[in-house]
file work.cif (mmCIF, N, CA and C atoms)
data_run
loop_
_atom_site.label_atom_id
_atom_site.label_comp_id
_atom_site.auth_asym_id
_atom_site.auth_seq_id
_atom_site.Cartn_x
_atom_site.Cartn_y
_atom_site.Cartn_z
N MET A 1 34.61 -55.70 -30.31
CA MET A 1 33.56 -55.51 -31.26
C MET A 1 32.96 -54.12 -31.19
N SER A 2 33.71 -53.19 -30.84
CA SER A 2 33.17 -51.85 -30.78
C SER A 2 33.42 -51.16 -32.11
N GLU A 3 32.37 -50.80 -32.71
CA GLU A 3 32.48 -50.11 -33.98
C GLU A 3 32.16 -48.63 -33.76
N HIS A 4 32.99 -47.79 -34.23
CA HIS A 4 32.78 -46.35 -34.11
C HIS A 4 32.35 -45.81 -35.47
N TYR A 5 31.20 -45.17 -35.40
CA TYR A 5 30.72 -44.59 -36.64
C TYR A 5 31.08 -43.11 -36.64
N PRO A 6 31.59 -42.60 -37.71
CA PRO A 6 31.91 -41.17 -37.76
C PRO A 6 30.63 -40.32 -37.76
N ILE A 7 30.68 -39.22 -37.04
CA ILE A 7 29.52 -38.32 -36.96
C ILE A 7 29.56 -37.41 -38.19
N PRO A 8 28.43 -37.35 -38.91
CA PRO A 8 28.40 -36.46 -40.06
C PRO A 8 28.62 -35.01 -39.63
N LYS A 9 29.15 -34.23 -40.56
CA LYS A 9 29.50 -32.85 -40.25
C LYS A 9 28.26 -32.01 -39.90
N GLU A 10 27.13 -32.26 -40.57
CA GLU A 10 25.89 -31.52 -40.29
C GLU A 10 25.40 -31.78 -38.87
N THR A 11 25.51 -33.01 -38.42
CA THR A 11 25.07 -33.36 -37.07
C THR A 11 25.96 -32.69 -36.03
N ALA A 12 27.24 -32.61 -36.28
CA ALA A 12 28.16 -31.96 -35.35
C ALA A 12 27.86 -30.46 -35.25
N ILE A 13 27.53 -29.84 -36.38
CA ILE A 13 27.18 -28.41 -36.36
C ILE A 13 25.89 -28.19 -35.58
N ARG A 14 24.93 -29.07 -35.77
CA ARG A 14 23.65 -28.95 -35.04
C ARG A 14 23.87 -29.10 -33.53
N ARG A 15 24.71 -30.04 -33.16
CA ARG A 15 24.98 -30.26 -31.73
C ARG A 15 25.65 -29.03 -31.11
N LYS A 16 26.59 -28.43 -31.84
CA LYS A 16 27.24 -27.23 -31.34
C LYS A 16 26.26 -26.07 -31.24
N LEU A 17 25.35 -25.97 -32.21
CA LEU A 17 24.35 -24.91 -32.18
C LEU A 17 23.40 -25.07 -30.99
N ILE A 18 22.95 -26.28 -30.76
CA ILE A 18 22.05 -26.55 -29.63
C ILE A 18 22.77 -26.31 -28.30
N ALA A 19 24.04 -26.71 -28.22
CA ALA A 19 24.81 -26.46 -26.99
C ALA A 19 25.00 -24.96 -26.77
N GLY A 20 25.26 -24.21 -27.84
CA GLY A 20 25.41 -22.76 -27.73
C GLY A 20 24.12 -22.09 -27.29
N LEU A 21 22.98 -22.54 -27.83
CA LEU A 21 21.69 -21.99 -27.40
C LEU A 21 21.40 -22.33 -25.94
N GLY A 22 21.82 -23.51 -25.52
CA GLY A 22 21.63 -23.89 -24.12
C GLY A 22 22.43 -23.01 -23.18
N VAL A 23 23.65 -22.69 -23.58
CA VAL A 23 24.50 -21.82 -22.74
C VAL A 23 23.92 -20.41 -22.72
N LEU A 24 23.45 -19.91 -23.87
CA LEU A 24 22.86 -18.57 -23.91
C LEU A 24 21.57 -18.49 -23.10
N SER A 25 20.83 -19.58 -23.03
CA SER A 25 19.59 -19.56 -22.26
C SER A 25 19.84 -19.49 -20.76
N LEU A 26 21.07 -19.76 -20.30
CA LEU A 26 21.39 -19.68 -18.88
C LEU A 26 21.64 -18.26 -18.41
N PHE A 27 21.92 -17.32 -19.32
CA PHE A 27 22.21 -15.95 -18.91
C PHE A 27 21.07 -15.28 -18.15
N PRO A 28 19.80 -15.38 -18.58
CA PRO A 28 18.74 -14.77 -17.77
C PRO A 28 18.61 -15.37 -16.38
N ILE A 29 18.83 -16.67 -16.28
CA ILE A 29 18.75 -17.32 -14.97
C ILE A 29 19.87 -16.81 -14.06
N LEU A 30 21.07 -16.67 -14.61
CA LEU A 30 22.18 -16.16 -13.82
C LEU A 30 21.96 -14.70 -13.43
N LYS A 31 21.39 -13.92 -14.33
CA LYS A 31 21.17 -12.51 -14.04
C LYS A 31 20.16 -12.34 -12.91
N PHE A 32 19.05 -13.05 -12.98
CA PHE A 32 18.02 -12.90 -11.96
C PHE A 32 18.36 -13.63 -10.68
N GLY A 33 19.16 -14.65 -10.76
CA GLY A 33 19.49 -15.42 -9.57
C GLY A 33 20.59 -14.81 -8.74
N TRP A 34 21.68 -14.42 -9.34
CA TRP A 34 22.84 -13.96 -8.58
C TRP A 34 22.91 -12.46 -8.44
N PHE A 35 22.53 -11.75 -9.46
CA PHE A 35 22.72 -10.31 -9.46
C PHE A 35 21.45 -9.55 -9.14
N ASN A 36 20.52 -10.16 -8.46
CA ASN A 36 19.25 -9.52 -8.16
C ASN A 36 19.30 -8.86 -6.77
N LYS A 37 20.23 -7.95 -6.59
CA LYS A 37 20.33 -7.23 -5.33
C LYS A 37 19.49 -5.97 -5.43
N LYS A 38 18.73 -5.71 -4.39
CA LYS A 38 17.90 -4.51 -4.39
C LYS A 38 18.77 -3.29 -4.13
N LYS A 39 18.53 -2.27 -4.93
CA LYS A 39 19.30 -1.05 -4.79
C LYS A 39 18.67 -0.16 -3.74
N GLU A 40 19.50 0.50 -2.97
CA GLU A 40 19.00 1.41 -1.96
C GLU A 40 18.58 2.72 -2.61
N VAL A 41 17.44 3.22 -2.19
CA VAL A 41 16.93 4.46 -2.75
C VAL A 41 17.29 5.59 -1.79
N ILE A 42 17.94 6.60 -2.32
CA ILE A 42 18.33 7.75 -1.52
C ILE A 42 17.55 8.95 -2.03
N SER A 43 16.84 9.59 -1.14
CA SER A 43 16.06 10.74 -1.56
C SER A 43 16.98 11.94 -1.77
N CYS A 44 16.72 12.67 -2.81
CA CYS A 44 17.57 13.81 -3.14
C CYS A 44 17.11 15.09 -2.44
N ALA A 45 15.82 15.23 -2.29
CA ALA A 45 15.28 16.45 -1.70
C ALA A 45 15.25 16.33 -0.17
N PRO A 46 15.61 17.38 0.53
CA PRO A 46 15.52 17.34 1.99
C PRO A 46 14.07 17.38 2.43
N GLU A 47 13.80 16.75 3.55
CA GLU A 47 12.44 16.73 4.07
C GLU A 47 12.08 18.09 4.63
N LYS A 48 10.85 18.47 4.40
CA LYS A 48 10.37 19.74 4.94
C LYS A 48 9.93 19.54 6.39
N GLY A 49 10.16 20.54 7.19
CA GLY A 49 9.74 20.47 8.57
C GLY A 49 8.24 20.72 8.72
N LEU A 50 7.64 21.33 7.72
CA LEU A 50 6.22 21.63 7.77
C LEU A 50 5.40 20.45 7.27
N LYS A 51 4.40 20.09 8.04
CA LYS A 51 3.52 19.02 7.62
C LYS A 51 2.29 19.64 6.96
N THR A 52 1.97 19.18 5.77
CA THR A 52 0.82 19.72 5.06
C THR A 52 -0.25 18.65 4.92
N ILE A 53 -1.48 19.11 4.81
CA ILE A 53 -2.63 18.23 4.63
C ILE A 53 -3.33 18.67 3.35
N LYS A 54 -3.73 17.70 2.54
CA LYS A 54 -4.42 18.01 1.29
C LYS A 54 -5.92 18.06 1.53
N PHE A 55 -6.53 19.11 0.99
CA PHE A 55 -7.97 19.28 1.09
C PHE A 55 -8.55 19.55 -0.29
N LEU A 56 -9.81 19.20 -0.45
CA LEU A 56 -10.54 19.48 -1.67
C LEU A 56 -11.45 20.67 -1.42
N THR A 57 -11.32 21.72 -2.22
CA THR A 57 -12.14 22.91 -2.03
C THR A 57 -13.52 22.67 -2.61
N GLN A 58 -14.39 23.64 -2.38
CA GLN A 58 -15.77 23.50 -2.81
C GLN A 58 -15.90 23.48 -4.33
N ASP A 59 -15.01 24.16 -5.01
CA ASP A 59 -15.08 24.17 -6.47
C ASP A 59 -14.32 23.00 -7.11
N GLY A 60 -13.71 22.12 -6.30
CA GLY A 60 -13.11 20.90 -6.81
C GLY A 60 -11.61 20.94 -7.00
N THR A 61 -10.93 21.98 -6.56
CA THR A 61 -9.48 22.02 -6.69
C THR A 61 -8.83 21.46 -5.43
N LEU A 62 -7.68 20.86 -5.61
CA LEU A 62 -6.95 20.26 -4.50
C LEU A 62 -5.92 21.26 -3.99
N VAL A 63 -5.94 21.52 -2.68
CA VAL A 63 -5.00 22.47 -2.09
C VAL A 63 -4.28 21.81 -0.92
N GLU A 64 -3.07 22.27 -0.64
CA GLU A 64 -2.31 21.81 0.51
C GLU A 64 -2.28 22.92 1.55
N VAL A 65 -2.63 22.57 2.77
CA VAL A 65 -2.71 23.54 3.86
C VAL A 65 -1.77 23.10 4.96
N ASP A 66 -1.09 24.05 5.59
CA ASP A 66 -0.20 23.76 6.70
C ASP A 66 -1.01 23.18 7.85
N ALA A 67 -0.54 22.08 8.42
CA ALA A 67 -1.30 21.37 9.47
C ALA A 67 -1.43 22.20 10.74
N SER A 68 -0.51 23.12 10.97
CA SER A 68 -0.60 23.92 12.20
C SER A 68 -1.74 24.94 12.12
N LYS A 69 -2.23 25.24 10.93
CA LYS A 69 -3.31 26.21 10.78
C LYS A 69 -4.69 25.57 10.82
N ILE A 70 -4.75 24.26 10.96
CA ILE A 70 -6.02 23.53 10.96
C ILE A 70 -6.44 23.26 12.40
N ASN A 71 -7.69 23.59 12.70
CA ASN A 71 -8.27 23.27 14.00
C ASN A 71 -8.94 21.92 13.86
N MET A 72 -8.37 20.90 14.47
CA MET A 72 -8.91 19.56 14.35
C MET A 72 -10.11 19.42 15.28
N GLY A 73 -11.29 19.46 14.70
CA GLY A 73 -12.52 19.29 15.49
C GLY A 73 -12.84 17.82 15.65
N LYS A 74 -13.57 17.52 16.68
CA LYS A 74 -13.90 16.13 16.97
C LYS A 74 -15.20 15.70 16.32
N GLU A 75 -16.06 16.64 15.96
CA GLU A 75 -17.36 16.24 15.42
C GLU A 75 -17.30 16.09 13.91
N LYS A 76 -18.07 15.16 13.41
CA LYS A 76 -18.13 14.90 11.98
C LYS A 76 -19.37 15.56 11.41
N ILE A 77 -19.31 15.91 10.13
CA ILE A 77 -20.48 16.54 9.52
C ILE A 77 -21.46 15.47 9.08
N SER A 78 -22.70 15.86 8.94
CA SER A 78 -23.73 14.91 8.52
C SER A 78 -23.77 14.85 6.99
N ASN A 79 -24.52 13.88 6.50
CA ASN A 79 -24.65 13.73 5.05
C ASN A 79 -25.38 14.93 4.44
N LYS A 80 -26.37 15.47 5.13
CA LYS A 80 -27.10 16.63 4.61
C LYS A 80 -26.19 17.85 4.51
N GLN A 81 -25.33 18.03 5.51
CA GLN A 81 -24.41 19.15 5.46
C GLN A 81 -23.43 19.00 4.30
N LEU A 82 -22.96 17.80 4.06
CA LEU A 82 -22.04 17.56 2.97
C LEU A 82 -22.71 17.78 1.61
N GLN A 83 -23.95 17.32 1.47
CA GLN A 83 -24.66 17.48 0.19
C GLN A 83 -24.98 18.94 -0.08
N SER A 84 -25.27 19.72 0.95
CA SER A 84 -25.55 21.13 0.73
C SER A 84 -24.27 21.93 0.48
N TRP A 85 -23.13 21.42 0.89
CA TRP A 85 -21.86 22.13 0.73
C TRP A 85 -21.33 21.99 -0.71
N VAL A 86 -21.51 20.80 -1.30
CA VAL A 86 -20.95 20.56 -2.62
C VAL A 86 -21.79 21.28 -3.68
N LYS A 87 -21.11 22.03 -4.53
CA LYS A 87 -21.79 22.70 -5.64
C LYS A 87 -21.97 21.72 -6.78
N LYS A 88 -23.17 21.63 -7.27
CA LYS A 88 -23.43 20.73 -8.39
C LYS A 88 -23.48 21.55 -9.67
N GLU A 89 -22.65 21.16 -10.62
CA GLU A 89 -22.63 21.84 -11.91
C GLU A 89 -23.01 20.83 -12.97
N LEU A 90 -24.03 21.15 -13.73
CA LEU A 90 -24.47 20.23 -14.79
C LEU A 90 -24.13 20.77 -16.14
#
call {"tool": "encode", "arguments": {"input": "work.cif", "output": "structure tokens"}}
result
Amino acid sequence: MSEHYPIPKETAIRRKLIAGLGVLSLFPILKFGWFNKKKEVISCAPEKGLKTIKFLTQDGTLVEVDASKINMGKEKISNKQLQSWVKKEL
């Protein structure tokens, strides 16, 4: 008593379209899942032997100074010394 009903042509086309969209939707998952290897970064420029330190000048420009020319003092300046050092321009 098994009756087989023929599938209309429009329904078959819809099923193929949905199956095709399902297969296409797997591509992002495959790309991020399997091929997500981190690339190694190789620096092109050689490292400099000189170590520089960035400082802000009194007029507000940023300069780089060779670390060997800096005398590293142990004492810190006070807030009053810092406020008197900065030039205020209005």
call {"tool": "residues_around", "arguments": {"input": "work.cif", "residues": "Val63 of chain A", "least_positions_apart": "4", "cutoff": "7 Å", "atoms": "all atoms listed in the file", "output": "list in words"}}
result
Ile53, Lys54, Phe55, Leu56 and Thr57 of chain A
call {"tool": "resolve_selection", "arguments": {"input": "work.cif", "expression": "the PyMOL selection byres ((chain A and resi 67) around 6.5)", "output": "list in words"}}
result
Leu50, Lys51, Thr52, Ile53, Val65, Asp66, Ser68, Lys69 and Ile70 of chain A
call {"tool": "atom_distance", "arguments": {"input": "work.cif", "atom1": "atom N of Leu26 of chain A", "atom2": "atom C of Pro8 of chain A"}}
result
25.8 Å
call {"tool": "atom_distance", "arguments": {"input": "work.cif", "atom1": "atom CA of Gly20 of chain A", "atom2": "atom N of Ile7 of chain A"}}
result
19.6 Å
call {"tool": "atom_distance", "arguments": {"input": "work.cif", "atom1": "atom CA of His4 of chain A", "atom2": "atom CA of Gly22 of chain A"}}
result
27.0 Å
call {"tool": "axis_aligned_box", "arguments": {"input": "work.cif", "around": "segment 40-44 of chain A", "padding_each_side": "3 Å", "output": "AutoDock Vina command-line options"}}
result
--center_x 17.8 --center_y 7.8 --center_z -2.1 --size_x 9.4 --size_y 20.6 --size_z 8.0
